[in-house]
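Structure file upload_1.txt (compact mmCIF, C-alpha atoms and all ligand atoms) is printed below.
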```txt
# COMPACT_ATOMS: atom_id res chain seq x y z
CA LEU M 1 5.03 -20.70 -34.88
CA THR M 2 7.65 -22.75 -36.72
CA LEU M 3 10.22 -19.96 -36.36
CA GLU M 4 9.47 -19.96 -32.65
CA ARG M 5 10.05 -23.72 -32.50
CA GLU M 6 13.26 -23.34 -34.49
CA LEU M 7 14.52 -20.63 -32.14
CA ARG M 8 13.75 -22.80 -29.11
CA HIS M 9 15.69 -25.61 -30.76
CA ALA M 10 18.55 -23.22 -31.57
CA ILE M 11 18.89 -22.14 -27.94
CA ASP M 12 19.04 -25.77 -26.76
CA HIS M 13 21.32 -27.03 -29.54
CA ASP M 14 24.22 -24.62 -29.56
CA GLU M 15 23.20 -22.59 -32.61
CA LEU M 16 23.69 -19.19 -30.95
CA ARG M 17 26.97 -17.30 -31.27
CA LEU M 18 28.30 -14.28 -29.38
CA TYR M 19 29.83 -11.74 -31.71
CA LEU M 20 31.95 -8.98 -30.21
CA GLN M 21 32.35 -5.36 -31.25
CA ALA M 22 35.23 -3.31 -29.86
CA GLN M 23 34.80 -0.27 -27.62
CA VAL M 24 37.70 2.04 -28.34
CA ASN M 25 39.26 5.07 -26.62
CA GLU M 26 40.68 8.19 -28.24
CA ALA M 27 44.14 6.63 -28.57
CA GLY M 28 42.56 3.77 -30.53
CA ASN M 29 43.00 1.19 -27.77
CA THR M 30 40.29 -1.38 -27.26
CA ILE M 31 39.06 -1.00 -23.69
CA GLY M 32 36.00 -3.22 -24.00
CA ALA M 33 33.64 -5.11 -26.24
CA GLU M 34 29.88 -5.36 -26.65
CA ALA M 35 28.49 -8.85 -27.15
CA LEU M 36 25.87 -9.07 -29.91
CA VAL M 37 24.15 -12.40 -30.29
CA ARG M 38 23.78 -14.16 -33.67
CA TRP M 39 21.89 -17.28 -34.74
CA GLN M 40 23.91 -19.71 -36.82
CA HIS M 41 20.96 -21.29 -38.61
CA PRO M 42 21.78 -24.64 -40.25
CA GLU M 43 20.07 -23.69 -43.55
CA ARG M 44 19.66 -19.93 -43.51
CA GLY M 45 23.15 -19.03 -42.30
CA MET M 46 23.96 -16.31 -39.80
CA ILE M 47 20.85 -14.43 -38.66
CA SER M 48 21.04 -10.97 -37.05
CA PRO M 49 19.42 -10.34 -33.68
CA GLY M 50 17.14 -7.72 -35.27
CA HIS M 51 15.38 -10.68 -36.89
CA PHE M 52 14.87 -12.88 -33.84
CA ILE M 53 15.17 -10.78 -30.64
CA PRO M 54 11.65 -9.31 -31.15
CA LEU M 55 10.27 -12.87 -31.57
CA ALA M 56 12.21 -13.96 -28.50
CA GLU M 57 10.71 -11.05 -26.56
CA GLN M 58 7.16 -11.91 -27.66
CA THR M 59 7.41 -15.60 -26.87
CA GLY M 60 9.35 -15.51 -23.62
CA LEU M 61 12.29 -17.23 -25.31
CA ILE M 62 14.29 -14.13 -24.39
CA LEU M 63 14.69 -15.72 -20.93
CA PRO M 64 16.59 -18.87 -21.99
CA LEU M 65 18.32 -16.81 -24.70
CA GLY M 66 19.41 -14.18 -22.18
CA ASP M 67 20.58 -16.94 -19.86
CA TRP M 68 22.71 -18.38 -22.69
CA VAL M 69 24.21 -14.94 -23.41
CA LEU M 70 25.01 -14.39 -19.73
CA LYS M 71 26.73 -17.79 -19.46
CA GLU M 72 28.65 -17.45 -22.71
CA GLY M 73 29.75 -13.91 -21.81
CA CYS M 74 30.93 -14.99 -18.35
CA ARG M 75 32.65 -18.03 -19.85
CA LEU M 76 34.61 -15.66 -22.14
CA LEU M 77 35.50 -13.34 -19.25
CA GLY M 78 36.72 -16.34 -17.26
CA GLU M 79 38.83 -17.48 -20.19
CA TRP M 80 40.21 -13.95 -20.74
CA ARG M 81 41.66 -13.92 -17.22
CA GLN M 82 44.47 -16.15 -18.43
CA ASP M 83 45.32 -13.90 -21.39
CA PRO M 84 47.53 -10.83 -20.72
CA ARG M 85 46.31 -9.13 -23.94
CA LEU M 86 42.77 -9.18 -22.56
CA GLN M 87 43.50 -8.25 -18.99
CA HIS M 88 41.96 -4.78 -19.27
CA VAL M 89 39.15 -5.52 -21.69
CA LYS M 90 35.63 -5.29 -20.27
CA LEU M 91 32.62 -7.09 -21.71
CA SER M 92 29.15 -5.56 -22.12
CA LEU M 93 26.08 -7.77 -22.37
CA ASN M 94 22.63 -6.63 -23.48
CA VAL M 95 19.94 -7.49 -20.97
CA SER M 96 16.29 -7.35 -21.98
CA VAL M 97 13.67 -5.86 -19.71
CA ARG M 98 11.94 -9.19 -19.20
CA GLN M 99 15.19 -10.85 -18.25
CA PHE M 100 16.10 -8.11 -15.80
CA GLN M 101 12.63 -8.12 -14.24
CA GLN M 102 12.87 -11.70 -13.04
CA PRO M 103 12.86 -11.45 -9.24
CA ASP M 104 16.01 -13.58 -8.97
CA PHE M 105 17.96 -11.86 -11.78
CA ALA M 106 20.72 -10.58 -9.47
CA ASP M 107 21.14 -14.08 -7.96
CA GLN M 108 21.34 -15.59 -11.44
CA VAL M 109 24.12 -13.19 -12.40
CA MET M 110 26.05 -13.84 -9.19
CA THR M 111 25.76 -17.61 -9.68
CA VAL M 112 26.95 -17.52 -13.29
CA VAL M 113 29.79 -15.09 -12.55
CA ALA M 114 31.03 -17.40 -9.79
CA ALA M 115 30.57 -20.58 -11.86
CA TYR M 116 32.82 -19.30 -14.67
CA GLY M 117 35.28 -17.38 -12.53
CA ALA M 118 34.42 -14.16 -14.38
CA PRO M 119 35.82 -11.00 -12.72
CA PRO M 120 32.59 -9.05 -12.00
CA GLU M 121 34.42 -5.71 -12.30
CA ARG M 122 34.92 -6.50 -15.97
CA LEU M 123 31.25 -7.21 -16.62
CA THR M 124 28.92 -4.43 -17.81
CA LEU M 125 25.20 -4.94 -18.27
CA GLU M 126 23.42 -2.77 -20.85
CA LEU M 127 19.87 -1.86 -19.90
CA THR M 128 17.27 0.19 -21.74
CA GLU M 129 15.14 3.05 -20.54
CA SER M 130 11.93 0.99 -20.76
CA LEU M 131 12.91 -0.67 -17.46
CA LEU M 132 11.92 2.50 -15.69
CA LEU M 133 8.37 2.47 -16.99
CA SER M 134 7.21 -0.44 -14.88
CA ASP M 135 9.33 -1.04 -11.81
CA PRO M 136 11.86 1.67 -10.99
CA GLU M 137 12.29 0.51 -7.37
CA GLY M 138 12.97 -3.12 -8.24
CA THR M 139 15.34 -2.01 -10.98
CA ILE M 140 17.33 0.19 -8.62
CA ASN M 141 17.53 -2.55 -5.96
CA LYS M 142 18.86 -5.17 -8.39
CA MET M 143 21.35 -2.71 -9.80
CA LYS M 144 22.61 -1.86 -6.33
CA THR M 145 23.02 -5.53 -5.41
CA LEU M 146 25.05 -6.23 -8.54
CA ARG M 147 27.11 -3.06 -8.23
CA HIS M 148 28.19 -4.17 -4.76
CA LEU M 149 29.66 -7.20 -6.50
CA GLY M 150 31.53 -4.93 -8.95
CA VAL M 151 29.25 -5.18 -12.00
CA SER M 152 28.78 -1.96 -14.05
CA PHE M 153 25.67 -0.69 -15.82
CA ALA M 154 25.24 1.18 -19.08
CA LEU M 155 22.01 2.71 -20.35
CA ASP M 156 21.66 1.64 -23.98
CA ASP M 157 20.01 3.50 -26.86
CA PHE M 158 19.92 6.61 -24.72
CA GLY M 159 17.63 9.35 -25.98
CA THR M 160 15.29 7.07 -27.90
CA GLY M 161 13.12 6.03 -24.95
CA TYR M 162 10.84 7.82 -22.56
CA SER M 163 12.80 7.92 -19.36
CA SER M 164 12.21 10.93 -17.20
CA LEU M 165 15.35 12.73 -16.14
CA ALA M 166 14.18 12.42 -12.52
CA TYR M 167 14.44 8.62 -12.73
CA LEU M 168 17.68 8.80 -14.63
CA LYS M 169 19.17 10.59 -11.63
CA LEU M 170 18.06 7.77 -9.31
CA LEU M 171 19.57 4.94 -11.34
CA PRO M 172 22.95 3.68 -10.16
CA LEU M 173 24.44 3.81 -13.66
CA ASP M 174 28.04 4.00 -14.81
CA THR M 175 27.66 4.94 -18.46
CA LEU M 176 25.25 6.38 -21.02
CA LYS M 177 25.40 5.09 -24.57
CA ILE M 178 24.58 7.68 -27.22
CA ASP M 179 22.28 5.96 -29.67
CA ILE M 180 23.39 5.40 -33.25
CA ALA M 181 20.47 7.57 -34.42
CA PHE M 182 22.16 10.70 -33.03
CA VAL M 183 25.64 9.72 -34.21
CA ARG M 184 24.52 8.94 -37.76
CA ASP M 185 23.29 12.46 -38.42
CA LEU M 186 26.04 14.31 -36.56
CA THR M 187 27.75 15.69 -39.64
CA LEU M 188 24.57 15.97 -41.73
CA ASP M 189 21.74 17.47 -39.81
CA MET M 190 21.75 20.66 -37.72
CA GLN M 191 19.68 19.11 -34.90
CA ALA M 192 21.85 16.08 -34.21
CA LYS M 193 24.85 17.95 -32.85
CA PRO M 194 23.03 19.91 -30.12
CA ILE M 195 21.24 16.70 -29.11
CA ALA M 196 24.53 14.82 -28.78
CA ALA M 197 26.02 17.79 -26.92
CA THR M 198 23.08 17.75 -24.50
CA ILE M 199 23.39 14.01 -23.83
CA ILE M 200 27.13 14.37 -23.21
CA ALA M 201 26.60 17.35 -20.87
CA LEU M 202 23.90 15.41 -19.03
CA ALA M 203 26.21 12.43 -18.56
CA GLU M 204 28.92 14.75 -17.26
CA SER M 205 26.62 16.49 -14.81
CA LEU M 206 25.43 13.12 -13.47
CA GLY M 207 29.00 11.87 -13.16
CA LEU M 208 28.50 9.17 -15.78
CA GLY M 209 30.78 7.91 -18.51
CA ILE M 210 29.67 8.28 -22.12
CA ILE M 211 30.16 6.09 -25.16
CA ALA M 212 28.93 6.72 -28.70
CA GLU M 213 27.55 3.86 -30.78
CA GLY M 214 27.47 3.47 -34.52
CA VAL M 215 30.52 5.64 -35.24
CA GLU M 216 31.24 5.08 -38.93
CA THR M 217 33.43 8.00 -40.00
CA ASP M 218 36.38 9.91 -38.63
CA ASP M 219 34.38 13.14 -39.01
CA GLN M 220 31.77 11.78 -36.64
CA ARG M 221 34.51 10.72 -34.23
CA LEU M 222 36.05 14.21 -34.30
CA VAL M 223 32.76 15.97 -33.65
CA LEU M 224 32.19 13.64 -30.69
CA VAL M 225 35.67 14.30 -29.28
CA ASN M 226 35.06 18.04 -29.52
CA LEU M 227 31.79 17.61 -27.64
CA GLY M 228 33.58 15.69 -24.85
CA CYS M 229 32.90 12.06 -25.78
CA HIS M 230 36.06 9.94 -25.76
CA LEU M 231 34.81 6.37 -26.12
CA PHE M 232 33.42 4.93 -29.33
CA GLN M 233 31.95 1.85 -30.91
CA GLY M 234 31.19 1.35 -34.58
CA PHE M 235 32.17 0.28 -38.07
CA LEU M 236 34.97 2.91 -38.11
CA PHE M 237 36.82 0.55 -35.75
CA ASP M 238 35.42 -2.90 -36.46
CA ARG M 239 32.36 -4.98 -37.26
CA PRO M 240 30.94 -7.40 -34.72
CA ALA M 241 33.00 -10.61 -35.07
CA PRO M 242 33.38 -14.01 -33.38
CA ALA M 243 35.32 -13.82 -30.09
CA LEU M 244 38.38 -15.53 -31.55
CA ASP M 245 38.60 -12.98 -34.40
CA PHE M 246 38.14 -10.15 -31.91
CA VAL M 247 41.07 -11.45 -29.85
CA LYS M 248 43.21 -11.92 -32.97
CA ALA M 249 42.56 -8.34 -34.06
CA LEU M 250 43.61 -7.18 -30.58
CA SER M 251 46.96 -8.94 -30.79
CA ALA M 252 47.54 -7.51 -34.27
CA ASP M 253 47.09 -3.98 -32.84
CA HIS M 254 49.46 -4.28 -29.90
O1 LIG M 301 23.35 -6.56 -34.39
P1 LIG M 301 22.05 -5.85 -34.61
O2 LIG M 301 22.09 -4.42 -35.01
O3 LIG M 301 21.22 -6.61 -35.64
O4 LIG M 301 21.23 -5.95 -33.20
C1 LIG M 301 19.86 -5.69 -33.16
C2 LIG M 301 19.37 -5.53 -31.75
O5 LIG M 301 19.53 -6.74 -31.03
C3 LIG M 301 20.12 -4.46 -31.00
O6 LIG M 301 19.17 -3.54 -30.52
C4 LIG M 301 20.77 -5.18 -29.87
O7 LIG M 301 20.70 -4.42 -28.67
C5 LIG M 301 19.95 -6.45 -29.72
N1 LIG M 301 20.79 -7.52 -29.19
C6 LIG M 301 21.94 -7.98 -29.68
N2 LIG M 301 22.46 -8.95 -28.89
C7 LIG M 301 21.59 -9.08 -27.86
C8 LIG M 301 21.55 -9.93 -26.69
O8 LIG M 301 22.45 -10.73 -26.43
N3 LIG M 301 20.47 -9.80 -25.86
C9 LIG M 301 19.47 -8.92 -26.10
N4 LIG M 301 18.44 -8.86 -25.23
N5 LIG M 301 19.48 -8.10 -27.17
C10 LIG M 301 20.51 -8.18 -28.03
O1 LIG M 302 20.82 -1.79 -29.82
P1 LIG M 302 22.25 -2.12 -29.61
O2 LIG M 302 23.02 -0.87 -29.37
O3 LIG M 302 22.53 -3.12 -28.51
O4 LIG M 302 22.84 -2.76 -30.98
C1 LIG M 302 23.88 -2.22 -31.68
C2 LIG M 302 23.72 -2.64 -33.11
O5 LIG M 302 24.27 -1.70 -34.00
C3 LIG M 302 24.41 -3.94 -33.38
O6 LIG M 302 23.49 -4.80 -33.93
C4 LIG M 302 25.49 -3.64 -34.40
O7 LIG M 302 25.61 -4.65 -35.36
C5 LIG M 302 25.01 -2.36 -34.98
N1 LIG M 302 26.15 -1.50 -35.30
C6 LIG M 302 27.32 -1.42 -34.64
N2 LIG M 302 28.14 -0.50 -35.15
C7 LIG M 302 27.48 0.04 -36.19
C8 LIG M 302 27.81 1.07 -37.10
O8 LIG M 302 28.88 1.68 -37.07
N3 LIG M 302 26.87 1.37 -38.03
C9 LIG M 302 25.67 0.72 -38.10
N4 LIG M 302 24.81 1.09 -39.06
N5 LIG M 302 25.31 -0.25 -37.22
C10 LIG M 302 26.20 -0.60 -36.28
MN MN M 303 23.70 -2.50 -26.73
NA NA M 304 22.19 0.68 -28.71
```
Please lay out the structure from this file as structure tokens.
Amino acid sequence: LTLERELRHAIDHDELRLYLQAQVNEAGNTIGAEALVRWQHPERGMISPGHFIPLAEQTGLILPLGDWVLKEGCRLLGEWRQDPRLQHVKLSLNVSVRQFQQPDFADQVMTVVAAYGAPPERLTLELTESLLLSDPEGTINKMKTLRHLGVSFALDDFGTGYSSLAYLKLLPLDTLKIDIAFVRDLTLDMQAKPIAATIIALAESLGLGIIAEGVETDDQRLVLVNLGCHLFQGFLFDRPAPALDFVKALSADH
């Protein structure tokens, strides 16, 4: 209960931080970033989302937290408009099922995008397969509304959930993200490679983009390239870092 109260306090008192991790193409150029929230706790230091997102989900705090992430992400995108180095960098935000299932979620996004002058075509929302379990129709309708505005959608952690391929076909997605679990074992375990190959082929046949998460070694990167995946995210390129450090690293590269 006290952690819950502390998290509520954190959301209201500016203790959350958006860290960014680069999304990189085969030439090594940063084409986007994924925002990963952190909690700058006054005594305990920086806390990873793995330690408080589940609590936020259980308590409903994921709604104000998700709202903060949406605003902070759109504020960054608005700011980036002025910076020529960032002109082609897209930003991906993680959206929890509960957040997405609010009936007015699409309106919320449109309001925040407009308020911060964020270019919607540079905003990607990452959803998870669990959305399909409860309300596929509502999910598809909200996605269509936001796509009209220019917002893109990625399916996160792909392959770890339960989504039926029939539903996958119905979703107006732009990108599949290959989960870190499949990337990690690519060069170790005989099963991982055919699984990654299948996910990549599936993305291709559905006309979707594909990005691999958790790429840590150049061997993994090479296997992915040979399978047809040309976008990557992971410690091989960078660690999630505060937005200012992310931007600094960009200018050092170019
Ligand atoms: O950074 P780390 O590996 O600890 O992240 C743990 C989990 O927290 C990941 O599954 C990630 O998707 C999730 N996460 C990170 N940032 C956000 C966020 O802003 N919103 C939501 N809903 N989940 C997030
Ligand atoms: O579930 P989601 O994909 O949104 O979260 C991604 C998480 O994976 C982040 O918390 C991030 O810190 C973590 N991560 C990113 N790159 C790597 C990596 O190369 N290796 C490992 N082990 N974790 C990573
Ligand atoms: Mn994600
Ligand atoms: Na993921």
Let me have all residues with an atom within 12 Å of ligand MN 303 (chain M), counting all atoms listed in the file, laid out as a PyMOL selection string.
chain M and resi 20-23+33-37+49-50+91-96+124-129+153-158+175-180+211-214+233-234+240
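The space separating atom C4 of ligand LIG 302 (chain M) from atom CA of M:Leu149 comes to 28.4 Å.
Counting from atom CA of M:Lys169, the distance to atom CA of M:Ile140 is 11.0 Å.
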Let me make sure I understand: among M:Asp238, M:Leu173, M:Ser164, M:Glu15, which one has the smallest atom-to-atom distance to M:Gly207 if we use only C-alpha atoms?
M:Leu173
Top pick for closest residue to M:Val183, considering M:Arg221, M:Arg38, M:His13, M:Arg44 and counting only C-alpha atoms:
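Nearest candidate to M:Val183 out of M:Arg221, M:Arg38, M:His13, M:Arg44: M:Arg221.
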Selection: 12 Å around M:Gly228, all atoms listed in the file, excl. self and same-chain fewer than 3 positions, as a ChimeraX atom specification:
/M:26,196-204,209-212,221-225,231-232
For ligand LIG 302 (chain M), the nearest of the candidates M:Thr217, M:Gly150, M:Gln102, M:Ala249, counting only C-alpha atoms and all ligand atoms
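Result for the nearest residue to ligand LIG 302 (chain M): M:Thr217.
Straight-line separation from atom O2 of ligand LIG 301 (chain M) to atom CA of M:Glu216: 13.8 Å.
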Take every atom of ligand LIG 301 (chain M) listed in the file, fit an axis-aligned box around them, add 3 Å per side, and give the centre and edge lengths in Å to one decimal as lines of an AutoDock Vina configuration file.
```
center_x = 20.9
center_y = -7.1
center_z = -30.4
size_x = 10.9
size_y = 13.2
size_z = 16.4
```
Please provide the set of residues having any atom within 12 Å of M:Arg85, restricted to all atoms listed in the file, with same-chain residues fewer than 5 positions apart removed, written as an NGL selection string.
:M and (29-32 or 79-80 or 90 or 246-254)
Let me make sure I understand: among M:Leu165, M:Phe182, M:Asp218, M:Met190, which one has the smallest atom-to-atom distance to ligand NA 304 (chain M) if we use all atoms listed in the file?
M:Phe182
Ranking M:Trp39, M:Tyr116, M:Phe100, M:Phe237 by minimum distance to M:Arg81 and counting all atoms listed in the file, which one comes first?
M:Tyr116
